[in-house]
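Asker: Right, I'll just put the structure down here and ask away after.
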Amino acid sequence: MVSLHRKLLLWLLLPQLVLWVAGGFFTYRLAAGYANRAIDASLAQASRALLRQVKPIDQGLLIDFPRAAQDVLEADPRDPLMYTVSTPPGHFILGNENLPLPPAGSERKLDTPTFYDGDVVPQPDPSGTPKHMRIAALYVAFGDISAPQQTMLVQVARSSANREELARAILADTLLPLSGLMLLMSVIVWAGIRAGLAPLARLRREVESRAPGDLTPLKLDLAPTELRSLAGALNDLLASVRHHVGAQQRFIADAAHQLRTPLAGLKSQTRLALEAAGDDTQRARLDMVHQSATRSAHLVAQLLTLARAEPGAAATLERARFDLHRFVQEVAAHLVPRALRAGVDLGVEVPADIELPAHANAALLREALTNLVDNAIRYAGRGAEVTLHVRQEGADAVIVVDDNGPGIAAADRERVFERFVRATEGGDGCGLGLAIVREIIERHHGTVTLGDAEPHGLRVTIRLPRGPVAE
């Protein structure tokens, strides 16, 4: 997956890189041009200085080229000046014999230097590596009425290494500050992209931090227009989903309410019919009808509880502060008769005379704990023990329900929190108890986990934040 931040950064920095390369190329060309002009000016000056050492006389040329003048021309030992005087052009008189003549077709103007590049083999080793040199050629006419007019060629050459070195120096001096500016611009672009995409990151964090059932509208009042449009579209979608979820919950609640009365009447009638029945076959059939009505009533009650526990049932969860120790004892006391009928020993272990304050919705938490204890009573089996523990761990309040029944296989412990999923075929449950427990605990920003009890059985652990938590 390509990051939008990286994609924008790439498309903004790529033109800068292209401009930097193009700027370097044209800077080098410009620097080479200026270096050529400087070298050409020095070569033109040297050729005229050499020309002054060759004086025309009546019948020829007088060469007045003392050693001092030669030392001046060859003053730089790293890049000695090479020169040639020939007349007519091509017939060597003075200097180096291996300087190439001007290119064929080049314009020959008298007393005006012509500049060109050529490869010269240095003397005295003619087999050496040729050097690329910049050459100036100056044509001069000499002679008078008594002698025919002739043309003399003066050539002066210098290595192109100095020119290239100068061009590279100019390029480096230009590109170094330019590179610094490019780096600074890249940092500014990166910071600008981060600032521009910050509202999008805030939108992502707001969506990621939400509970799965939180369908309240997104708040992006200070977001740019484009992102506000996206947030508006998402809010419209959330409103539609909220409407459909609300309609579904109302339907479940209404249907469950409508079913409770006839099911309660059916249970009462089957109980009376069982008491009046004298035939064993009829009694067995009536008992099956009574059990089915009891399971149906239990399912309806679970559906009502699930509808109240889901996040969409209310905008906010009403909470109150109460003592968790006393609360758990009251829930256990209410379930003792059920445990006695099932032949289960139900007990509570809490510290005496110590309060453990909790901030929660007591009705929903009572429903969750009742479901856990009811499940333990149903599936632990006659003669089993179910024990409730309450303790404080840091900022959390912990409720543990232990039983020494058959337990739940580790592979099924996550799956049983799904709706209508049961880990056993025994019992008369409907597969909603643990789903209701998870919905309620998660609405309180807590967790519920399944583990092994000692020496055997199932341990259910609930962790709840003791203090107020923002919805």
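To be explicit about the labels: the chains of the structure tokens are called A, B, and onward in the order shown, and within each one the residues are counted from 1, while ligands get numbers from 1 in the order they are shown.
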Region 99-217 of chain A near region 22-31 of chain A within 10 Å: what's each residue's closest atom pair and its distance in Å to one decimal, counting only C-alpha atoms, ordered by chain then ascending residue number, as JSON lines?
Answerer:
{"residue": "A:Arg163", "atom": "CA", "partner": "A:Ala31", "partner_atom": "CA", "distance": 9.0}
{"residue": "A:Glu164", "atom": "CA", "partner": "A:Ala31", "partner_atom": "CA", "distance": 8.9}
{"residue": "A:Leu166", "atom": "CA", "partner": "A:Ala31", "partner_atom": "CA", "distance": 7.6}
{"residue": "A:Ala167", "atom": "CA", "partner": "A:Ala31", "partner_atom": "CA", "distance": 4.8}
{"residue": "A:Arg168", "atom": "CA", "partner": "A:Tyr28", "partner_atom": "CA", "distance": 7.0}
{"residue": "A:Ala169", "atom": "CA", "partner": "A:Ala31", "partner_atom": "CA", "distance": 8.7}
{"residue": "A:Ile170", "atom": "CA", "partner": "A:Ala31", "partner_atom": "CA", "distance": 6.1}
{"residue": "A:Leu171", "atom": "CA", "partner": "A:Tyr28", "partner_atom": "CA", "distance": 5.5}
{"residue": "A:Ala172", "atom": "CA", "partner": "A:Gly24", "partner_atom": "CA", "distance": 9.0}
{"residue": "A:Thr174", "atom": "CA", "partner": "A:Thr27", "partner_atom": "CA", "distance": 7.6}
{"residue": "A:Leu175", "atom": "CA", "partner": "A:Gly24", "partner_atom": "CA", "distance": 6.6}
{"residue": "A:Leu178", "atom": "CA", "partner": "A:Gly23", "partner_atom": "CA", "distance": 9.1}
Asker: Would you kindly return, as number ranges by chain, each protein, DNA or RNA residue with an atom no farther than 9 Å from any atom of Tyr83 (chain A), considering only C-alpha atoms and excluding same-chain residues fewer than 4 positions away?
Answerer: A: 47, 50, 73, 94-97, 99, 154-158
Asker: One decimal, Å: what's the distance from CA of Leu43 (chain A) over to CA of Phe142 (chain A), could you say?
Answerer: 21.6 Å
Asker: Within 12 Å of Asp353 (chain A), counting only C-alpha atoms, which residues qualify if same-chain residues fewer than 6 places away don't, as a list in words?
Answerer: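 Listed by chain and then number, they are Asp323, His325 and Arg326 of chain A.
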Asker: Output N, CA, C and O atoms of each residue in that selection to a file, as a PDB file, in the first residue's frame.
Answerer:
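Okay, this is what ended up in selection.pdb:
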ATOM      1  N   ASP A 323     -20.231   0.127  45.961  1.00  0.00           N
ATOM      2  CA  ASP A 323     -19.245  -0.789  46.532  1.00  0.00           C
ATOM      3  C   ASP A 323     -19.339  -2.126  45.802  1.00  0.00           C
ATOM      4  O   ASP A 323     -20.374  -2.807  45.865  1.00  0.00           O
ATOM      5  N   HIS A 325     -17.751  -4.941  46.391  1.00  0.00           N
ATOM      6  CA  HIS A 325     -17.813  -6.104  47.286  1.00  0.00           C
ATOM      7  C   HIS A 325     -19.270  -6.425  47.653  1.00  0.00           C
ATOM      8  O   HIS A 325     -19.731  -7.572  47.522  1.00  0.00           O
ATOM      9  N   ARG A 326     -19.975  -5.426  48.110  1.00  0.00           N
ATOM     10  CA  ARG A 326     -21.369  -5.643  48.505  1.00  0.00           C
ATOM     11  C   ARG A 326     -22.216  -6.017  47.283  1.00  0.00           C
ATOM     12  O   ARG A 326     -23.125  -6.867  47.385  1.00  0.00           O
TER      13      ARG A 326
END
Asker: For each of A:Arg415, A:Arg443, A:Arg48, A:Arg338, take the minimum atom-to-atom distance to Ala368 (chain A), counting only C-alpha atoms, then give the residue where this is smallest.
Answerer: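 Ranking A:Arg415, A:Arg443, A:Arg48, A:Arg338 by distance to Ala368 (chain A), first place goes to A:Arg443.
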Asker: Give the answer as one residue: which of A:Leu110, A:Leu450, A:Val189, A:Leu324 has the shortest atom-to-atom distance to Leu8 (chain A), using only C-alpha atoms?
Answerer: A:Val189
Asker: Quick check, in Å to one decimal: how far apart do CA of Ala137 (chain A) and CA of Pro113 (chain A) lie?
Answerer: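 So the two atoms, CA of Ala137 (chain A) and CA of Pro113 (chain A), lie 5.4 Å apart.
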Asker: As an exercise, work out the distance from CA of Tyr116 (chain A) to CA of Thr129 (chain A) in Å and give it to one decimal place.
Answerer: 19.6 Å
Asker: For the structure I just gave you, how does DSSP split region 92-286 of chain A - specifically, which residues are strand (DSSP E)? Reply as a PyMOL selection string.
Answerer: chain A and resi 92-95+114-120+131-142+150-159
Asker: Write a file of the just-selected residues containing C-alpha atoms, as a PDB file, in the first residue's frame.
Answerer:
ATOM      1  CA  PHE A  92      58.033  25.381 -38.820  1.00  0.00           C
ATOM      2  CA  ILE A  93      60.269  28.247 -37.706  1.00  0.00           C
ATOM      3  CA  LEU A  94      60.125  28.403 -33.918  1.00  0.00           C
ATOM      4  CA  GLY A  95      58.663  26.534 -30.915  1.00  0.00           C
ATOM      5  CA  THR A 114      41.161  32.043 -33.985  1.00  0.00           C
ATOM      6  CA  PHE A 115      40.501  29.603 -31.135  1.00  0.00           C
ATOM      7  CA  TYR A 116      40.015  25.834 -31.388  1.00  0.00           C
ATOM      8  CA  ASP A 117      40.644  22.599 -29.480  1.00  0.00           C
ATOM      9  CA  GLY A 118      43.139  19.941 -30.471  1.00  0.00           C
ATOM     10  CA  ASP A 119      45.102  16.931 -29.208  1.00  0.00           C
ATOM     11  CA  VAL A 120      48.859  17.471 -28.894  1.00  0.00           C
ATOM     12  CA  LYS A 131      46.862  16.078 -24.269  1.00  0.00           C
ATOM     13  CA  HIS A 132      43.691  17.935 -25.028  1.00  0.00           C
ATOM     14  CA  MET A 133      44.626  21.598 -25.477  1.00  0.00           C
ATOM     15  CA  ARG A 134      43.084  24.948 -26.246  1.00  0.00           C
ATOM     16  CA  ILE A 135      44.909  26.644 -29.120  1.00  0.00           C
ATOM     17  CA  ALA A 136      44.956  30.231 -30.371  1.00  0.00           C
ATOM     18  CA  ALA A 137      46.059  30.868 -33.988  1.00  0.00           C
ATOM     19  CA  LEU A 138      47.016  34.364 -35.178  1.00  0.00           C
ATOM     20  CA  TYR A 139      47.626  35.078 -38.884  1.00  0.00           C
ATOM     21  CA  VAL A 140      49.837  38.070 -39.649  1.00  0.00           C
ATOM     22  CA  ALA A 141      50.860  39.458 -43.037  1.00  0.00           C
ATOM     23  CA  PHE A 142      54.373  40.855 -43.547  1.00  0.00           C
ATOM     24  CA  GLN A 150      53.699  36.631 -46.994  1.00  0.00           C
ATOM     25  CA  THR A 151      51.586  35.258 -44.149  1.00  0.00           C
ATOM     26  CA  MET A 152      52.971  34.181 -40.820  1.00  0.00           C
ATOM     27  CA  LEU A 153      51.092  31.926 -38.355  1.00  0.00           C
ATOM     28  CA  VAL A 154      51.624  32.265 -34.611  1.00  0.00           C
ATOM     29  CA  GLN A 155      50.076  29.506 -32.453  1.00  0.00           C
ATOM     30  CA  VAL A 156      49.904  29.364 -28.677  1.00  0.00           C
ATOM     31  CA  ALA A 157      48.383  26.395 -26.802  1.00  0.00           C
ATOM     32  CA  ARG A 158      47.515  25.608 -23.211  1.00  0.00           C
ATOM     33  CA  SER A 159      46.132  22.426 -21.688  1.00  0.00           C
TER      34      SER A 159
END
